[in-house]
Amino acid sequence: MNFKDKDIISIKDFSKQEINGIISYAKKMVPYAKGEKKTELLKGKVMSSLFFEPSTRTRLSFESAMNRLRGRVIGFSDPGGTSQKKGESLADTIRMADSYSDVIVIRHPQEGAARLAAEFADAPVINAGDGAGHHPTQCLLDLFTIHTEKKNIEKTKIVLLGDLKYGRTVHSLAYALSLYGAEITFVSPPSLKMPKEVIAECQEMGVEPTQTSQLEKAIKDADVLYATRIQRERFPDAEEYNRVVGSYIITNELLEQAPNELIVMHPLPRITEIDPEVDTTPHARYFTQAFNGVPIRMALLSLILGERL
Amino acid sequence: MNFKDKDIISIKDFSKQEINGIISYAKKMVPYAKGEKKTELLKGKVMSSLFFEPSTRTRLSFESAMNRLRGRVIGFSDPGGTSQKKGESLADTIRMADSYSDVIVIRHPQEGAARLAAEFADAPVINAGDGAGHHPTQCLLDLFTIHTEKKNIEKTKIVLLGDLKYGRTVHSLAYALSLYGAEITFVSPPSLKMPKEVIAECQEMGVEPTQTSQLEKAIKDADVLYATRIQRERFPDAEEYNRVVGSYIITNELLEQAPNELIVMHPLPRITEIDPEVDTTPHARYFTQAFNGVPIRMALLSLILGERL
Amino acid sequence: MNFKDKDIISIKDFSKQEINGIISYAKKMVPYAKGEKKTELLKGKVMSSLFFEPSTRTRLSFESAMNRLRGRVIGFSDPGGTSQKKGESLADTIRMADSYSDVIVIRHPQEGAARLAAEFADAPVINAGDGAGHHPTQCLLDLFTIHTEKKNIEKTKIVLLGDLKYGRTVHSLAYALSLYGAEITFVSPPSLKMPKEVIAECQEMGVEPTQTSQLEKAIKDADVLYATRIQRERFPDAEEYNRVVGSYIITNELLEQAPNELIVMHPLPRITEIDPEVDTTPHARYFTQAFNGVPIRMALLSLILGERL
């Protein structure tokens with residue numbers, strides 16, 4: 001597994017074997033991510049953190065990852081004062097960051113922006129989310145979490161819940177889970193169903209996802225319930241929105257229908273999708289999942305900068 | 001004195017003995033704060049700096065403190081692009097920072113926010129000001145300044161001037177000075193008097209503060225004149241505001257009424273409260289006081305992270 | 001050449017010999033700026049980066065420079081949440097930064113702000129652009145680029161193109177090039193001619209610049225074409241703006257009129273001044289020029305902090 005100078009644009013750029021390698025390497029990073037062990041692996045390296053769209057969780061976990069490896073961070077957290085506002089092309093902004101750093105992390109509202117950035121930069125580029133496009137480090141930390149919590153991904157029964165139509169995270173995840181041959185159920189309101197192309201992709205890899213709008217039934221024998229946010233702006237009608245969102249709130253009462261071992265995941269931030277009463281149950285894994293962003297990003301930064309622990 | 005993993009929420013969480021210990025330890029930090037000596041005490045540690053309300057002076061002195069100890073800083077300087085804007089609860093934002101760092105510094109416009117944060121974080125939390133609530137590191141740097149400049153706090157005669165009704169800083173300071181049995185005079189316009197509860201607290205500790213609106217008299221035999229900002233929005237009437245503010249401006253002419261040894265302090269930023277002509281007199285101590293924020297915060301970060309110089 | 005504790009406010013503060021010394025020292029910094037070599041030269045030092053006006057390229061290259069030398073950075077990237085907004089004077093904000101750091105980098109919309117800052121700070125101050133005033137590090141990196149690419153500055157034939165009336169960059173550059181006795185041609189629309197004072201300054205140093213609005217002719221035997229941005233707001237009439245800007249766009253077709261060795265420079269960001277087709281020709285030097293900001297700023301930070309490589 002050699003990722004030196006590799007761009008990380010989409011989960012589809014990785015084979016299953018490569019993902020396994022990253023997961024296994026990320027596990028080594030955990031004590032360093034927690035600050036229990038110390039390393040100077042990326043001493044003297046500089047990361048550009050270019051957030052053309054705010055995303056506190058993703059940005060801070062990248063910055064924590066770089067700092068835990070003793071590298072340095074420059075950049076911006078929103079596009080407010082950037083040269084883009086003055087009319088500069090994305091290519092020129094990327095070339096600038098390329099001159100000033102060893103690796104570029106980019107978050108951008110437009111699909112394809114990260115791939116474009118990678119074309120113009122000599123330094124490796126990591127896509128930290130490009131609009132309706134990809135968010136590969138989120139997908140990797142999700143897989144890492146399932147692997148860590150459930151020991152393997154292959155035989156896992158997973159329910160993906162929420163806005164499956166527009167949710168970038170769940171499209172990538174459905175693809176990646178199919179790569180592992182996991183058993184997948186999609187639960188969404190009828191108007192926010194998983195797109196046919198994504199389902200076709202799963203099927204091509206030999207996975208036949210179940211589709212339903214019945215959450216209670218779906219979780220009866222599931223290992224993982226992966227919830228996502230349903231955005232109000234997807235609904236023309238506020239009443240309809242409230243009804244739909246209300247019917248998918250994860251509560252302790254709902255979880256009584258599920259196996260004791262079921263874990264609940266969520267990419268966060270959550271708004272009302274998971275009742276805070278769930279936080280203290282053994283089901284809750286969304287905070288662990290958020291932490292896992294640090295070791296996964298440490299692993300990727302280390303690998304593409306060619307410095308192995 | 002063991003502060004490892006302790007949250008720093010209010011000055012009232014400390015005994016007089018503990019405050020003395022912090023002050024004495026902070027004095028050791030001074031040459032490191034000035035960059036005259038170097039240390040790697042917090043190498044590998046990460047501080048989250050969460051400013052839900054901008055405060056350049058407080059934020060930069062915390063960041064300088066962490067950097068002087070060779071630790072690292074992640075965070076945000078205003079709530080603009082945070083997940084809170086997307087509707088995330090404070091608890092979830094804090095849990096995120098908790099996952100990504102070893103210590104959390106929080107500034108928040110709402111009273112009680114820091115205490116709440118401490119409940120949800122495993123990592124120690126330092127309150128960098130929570131609205132009308134507390135700002136313990138400001139209070140500690142004030143005490144540190146008085147102790148350094150006047151050799152002791154116990155026998156000091158201190159005039160607290162300005163908006164004593166709403167000024168968070170002076171409430172905490174009145175409490176802490178009473179802990180030391182200092183001699184306190186409150187000078188304010190009648191409409192901005194020190195609240196009765198604060199006075200009662202002083203009295204419980206055996207201190208009987210003097211109250212007056214006559215600044216000239218009050219400073220005649222004082223050791224310290226501590227001025228604070230009077231905010232325009234406290235006055236319904238602009239003319240009344242101008243009259244009040246005008247009557248409390250500290251000038252060289254006023255200071256001729258005071259002992260040569262009187263020192264002038266101010267938490268800064270100042271607007272018109274102190275005439276710039278005072279800056280170059282031996283009375284001025286507000287810039288030294290601002291600098292003292294660095295060694296005090298270095299001391300606290302060092303103590304709660306359990307790494308002693 | 002001893003620059004310890006020296007403020008860097010204007011290119012006019014330097015003799016030709018001093019500029020040569022800086023250029024020669026900056027060349028040593030190149031492999032460190034690229035991350036090919038590592039150094040801990042500024043370990044333990046803290047730089048305040050005070051951007052009262054956003055400027056991504058300048059800010060990030062200063063931050064990259066400080067990080068490549070293993071120093072630390074605190075500060076703000078726009079004036080949004082600063083105490084200045086609360087009415088604090090620039091002097092007080094500078095004194096704050098002075099307390100918290102070893103060197104201050106300031107960008108400010110008002111001419112003279114950097115010089116004022118230097119008066120109030122004990123730490124050395126670097127002017128990163130003060131409105132219509134100076135931007136000495138831009139000028140130094142321009143000279144560094146010409147020297148590196150053309151081996152010397154003295155005998156170089158340089159065309160300065162664009163908004164010569166309001167363009168801060170070209171005023172400083174015209175001065176500095178005259179110091180070296182370079183051969184200068186000014187190309188601009190009639191309404192945006194180089195001011196007489198600048199021309200008079202060149203003449204005092206024995207240089208007689210040519211003035212023209214004919215770009216094609218001017219570049220026929222030039223070594224360097226230095227283009228700058230023409231801002232729309234300088235023109236009362238949109239049509240006139242479009243005509244002028246259109247007539248000065250640098251394209252491959254235009255460059256066929258120029259010697260093969262002509263290099264094209266631009267302080268960036270560019271909008272439409274240079275056609276992207278030029279980027280891949282051997283003429284393009286604006287990206288190299290942008291990179292050169294890092295070694296030049298590393299050299300300056302190193303010199304004024306008194307730590308030599």
# chains A, B, ... in the order shown; residues from 1 in each chain; ligands from 1
>>> closest_atom_pairs(of="segment 50-130 of chain C", to="segment 18-38 of chain C", cutoff="12 Å", atoms="only C-alpha atoms", output="tab-separated table")
residue	atom	partner	partner_atom	distance
C:Ser61	CA	C:Ala33	CA	9.9
C:Phe62	CA	C:Ala33	CA	11.1
C:Glu63	CA	C:Ala33	CA	11.4
C:Ser64	CA	C:Ala33	CA	8.1
C:Ala65	CA	C:Ala33	CA	6.9
C:Met66	CA	C:Ala33	CA	9.9
C:Asn67	CA	C:Ala33	CA	9.5
C:Arg68	CA	C:Ala33	CA	6.3
C:Leu69	CA	C:Tyr32	CA	7.9
C:Arg70	CA	C:Lys38	CA	8.9
>>> interface_residues(of="chain C", to="chain B", cutoff="12 Å", atoms="only C-alpha atoms", output="PyMOL selection string")
chain C and resi 42-50+70-103+120-123+305
>>> write_last_selection(atoms="N, CA and C atoms", output="compact mmCIF listing (two decimals), in the first residue's frame")
# COMPACT_ATOMS: atom_id res chain seq x y z
N LEU C 42 13.34 29.41 14.25
CA LEU C 42 12.51 30.32 15.06
C LEU C 42 11.67 29.57 16.10
N LYS C 43 12.16 28.42 16.51
CA LYS C 43 11.49 27.64 17.55
C LYS C 43 11.23 28.50 18.78
N GLY C 44 10.01 28.48 19.27
CA GLY C 44 9.69 29.24 20.48
C GLY C 44 9.30 30.69 20.22
N LYS C 45 9.46 31.16 18.98
CA LYS C 45 9.10 32.55 18.66
C LYS C 45 7.63 32.61 18.23
N VAL C 46 6.97 33.73 18.52
CA VAL C 46 5.57 33.91 18.16
C VAL C 46 5.41 35.15 17.28
N MET C 47 4.70 34.98 16.17
CA MET C 47 4.41 36.09 15.25
C MET C 47 2.94 36.47 15.37
N SER C 48 2.65 37.76 15.53
CA SER C 48 1.26 38.24 15.45
C SER C 48 0.96 38.60 14.01
N SER C 49 -0.13 38.07 13.51
CA SER C 49 -0.52 38.31 12.12
C SER C 49 -1.84 39.09 12.17
N LEU C 50 -1.73 40.43 12.05
CA LEU C 50 -2.90 41.30 12.26
C LEU C 50 -3.41 41.81 10.92
N ARG C 70 9.58 27.01 11.94
CA ARG C 70 9.16 26.37 13.18
C ARG C 70 8.72 27.38 14.25
N GLY C 71 8.42 28.63 13.83
CA GLY C 71 7.83 29.58 14.76
C GLY C 71 6.33 29.40 14.83
N ARG C 72 5.65 30.18 15.66
CA ARG C 72 4.20 30.07 15.84
C ARG C 72 3.49 31.35 15.42
N VAL C 73 2.22 31.21 15.09
CA VAL C 73 1.43 32.33 14.61
C VAL C 73 0.16 32.49 15.44
N ILE C 74 -0.14 33.72 15.86
CA ILE C 74 -1.44 34.05 16.43
C ILE C 74 -1.97 35.25 15.65
N GLY C 75 -3.27 35.55 15.78
CA GLY C 75 -3.76 36.74 15.10
C GLY C 75 -5.16 36.64 14.57
N PHE C 76 -5.48 37.51 13.61
CA PHE C 76 -6.80 37.49 12.99
C PHE C 76 -6.66 37.79 11.51
N SER C 77 -7.65 37.28 10.72
CA SER C 77 -7.55 37.39 9.27
C SER C 77 -8.49 38.46 8.70
N ASP C 78 -9.34 39.02 9.55
CA ASP C 78 -10.16 40.15 9.15
C ASP C 78 -10.57 40.88 10.42
N PRO C 79 -10.99 42.15 10.29
CA PRO C 79 -11.20 42.93 11.51
C PRO C 79 -12.53 42.65 12.20
N GLY C 80 -13.30 41.71 11.65
CA GLY C 80 -14.64 41.42 12.15
C GLY C 80 -14.80 41.47 13.66
N GLY C 81 -14.09 40.64 14.37
CA GLY C 81 -14.34 40.52 15.80
C GLY C 81 -13.31 41.22 16.67
N THR C 82 -12.56 42.15 16.10
CA THR C 82 -11.49 42.76 16.88
C THR C 82 -11.99 43.87 17.79
N SER C 83 -11.14 44.23 18.75
CA SER C 83 -11.46 45.31 19.68
C SER C 83 -11.59 46.64 18.97
N GLN C 84 -10.96 46.76 17.81
CA GLN C 84 -11.10 48.00 17.03
C GLN C 84 -12.58 48.27 16.77
N LYS C 85 -13.32 47.21 16.54
CA LYS C 85 -14.76 47.35 16.31
C LYS C 85 -15.45 47.92 17.54
N LYS C 86 -14.89 47.66 18.72
CA LYS C 86 -15.46 48.19 19.96
C LYS C 86 -14.98 49.61 20.21
N GLY C 87 -14.14 50.13 19.35
CA GLY C 87 -13.69 51.50 19.50
C GLY C 87 -12.27 51.63 20.02
N GLU C 88 -11.54 50.51 20.12
CA GLU C 88 -10.16 50.59 20.61
C GLU C 88 -9.29 51.28 19.57
N SER C 89 -8.28 52.02 20.05
CA SER C 89 -7.35 52.67 19.13
C SER C 89 -6.40 51.65 18.54
N LEU C 90 -5.86 51.95 17.35
CA LEU C 90 -4.87 51.06 16.74
C LEU C 90 -3.67 50.91 17.67
N ALA C 91 -3.28 51.99 18.33
CA ALA C 91 -2.12 51.94 19.23
C ALA C 91 -2.33 50.87 20.32
N ASP C 92 -3.52 50.83 20.92
CA ASP C 92 -3.78 49.86 21.99
C ASP C 92 -3.80 48.43 21.45
N THR C 93 -4.36 48.23 20.26
CA THR C 93 -4.37 46.89 19.67
C THR C 93 -2.94 46.42 19.40
N ILE C 94 -2.11 47.35 18.94
CA ILE C 94 -0.71 47.02 18.65
C ILE C 94 0.03 46.68 19.95
N ARG C 95 -0.22 47.48 20.99
CA ARG C 95 0.43 47.19 22.29
C ARG C 95 0.05 45.79 22.78
N MET C 96 -1.20 45.40 22.56
CA MET C 96 -1.63 44.06 22.93
C MET C 96 -0.79 43.02 22.20
N ALA C 97 -0.74 43.11 20.88
CA ALA C 97 0.04 42.15 20.09
C ALA C 97 1.51 42.16 20.54
N ASP C 98 1.99 43.35 20.87
CA ASP C 98 3.37 43.50 21.32
C ASP C 98 3.63 42.68 22.59
N SER C 99 2.63 42.64 23.47
CA SER C 99 2.74 41.87 24.72
C SER C 99 2.75 40.37 24.47
N TYR C 100 2.13 39.97 23.37
CA TYR C 100 1.86 38.54 23.18
C TYR C 100 2.80 37.87 22.19
N SER C 101 3.71 38.64 21.56
CA SER C 101 4.48 38.04 20.47
C SER C 101 5.84 38.71 20.29
N ASP C 102 6.67 38.13 19.41
CA ASP C 102 8.03 38.61 19.19
C ASP C 102 8.16 39.45 17.93
N VAL C 103 7.17 39.36 17.05
CA VAL C 103 7.20 40.13 15.80
C VAL C 103 5.75 40.34 15.36
N PHE C 120 4.47 52.26 18.38
CA PHE C 120 3.91 51.80 19.65
C PHE C 120 4.38 50.41 20.08
N ALA C 121 5.05 49.72 19.19
CA ALA C 121 5.49 48.35 19.53
C ALA C 121 6.97 48.31 19.82
N ASP C 122 7.35 47.55 20.85
CA ASP C 122 8.76 47.28 21.07
C ASP C 122 9.23 46.23 20.06
N ALA C 123 8.38 45.25 19.80
CA ALA C 123 8.72 44.20 18.84
C ALA C 123 8.80 44.81 17.44
N LEU C 305 14.42 38.86 13.72
CA LEU C 305 14.40 38.16 15.01
C LEU C 305 15.82 37.75 15.43
>>> residues_around(residues="segment 212-217 of chain C", least_positions_apart="3", cutoff="6 Å", atoms="only C-alpha atoms", output="mmCIF file with C-alpha atoms, in the first residue's frame")
data_model
loop_
_atom_site.group_PDB
_atom_site.id
_atom_site.type_symbol
_atom_site.label_atom_id
_atom_site.label_comp_id
_atom_site.auth_asym_id
_atom_site.auth_seq_id
_atom_site.Cartn_x
_atom_site.Cartn_y
_atom_site.Cartn_z
ATOM 1 C CA VAL C 187 2.326 51.167 -20.177
ATOM 2 C CA SER C 188 -1.106 52.302 -19.058
ATOM 3 C CA PRO C 189 -4.326 53.788 -20.315
ATOM 4 C CA LYS C 220 9.441 44.016 -28.336
#
>>> closest_residue(among="A:Glu111, A:Glu239, A:Asp279, A:Asp130", to="His266 of chain A", atoms="only C-alpha atoms")
A:Asp279
>>> atom_distance(atom1="atom CA of Asp223 of chain C", atom2="atom CA of Thr156 of chain C")
6.1 Å
>>> closest_residue(among="B:Glu204, B:Asp13, B:Glu154, B:Asp163", to="Arg229 of chain B", atoms="only C-alpha atoms")
B:Asp163
>>> closest_residue(among="B:Val207, B:Asn127, B:Glu201, B:Thr137", to="Lys155 of chain B", atoms="only C-alpha atoms")
B:Val207
>>> residues_around(residues="Ala176 of chain C", least_positions_apart="4", cutoff="8 Å", atoms="only C-alpha atoms", output="VMD selection string")
chain C and resid 11 to 12 139 172 180
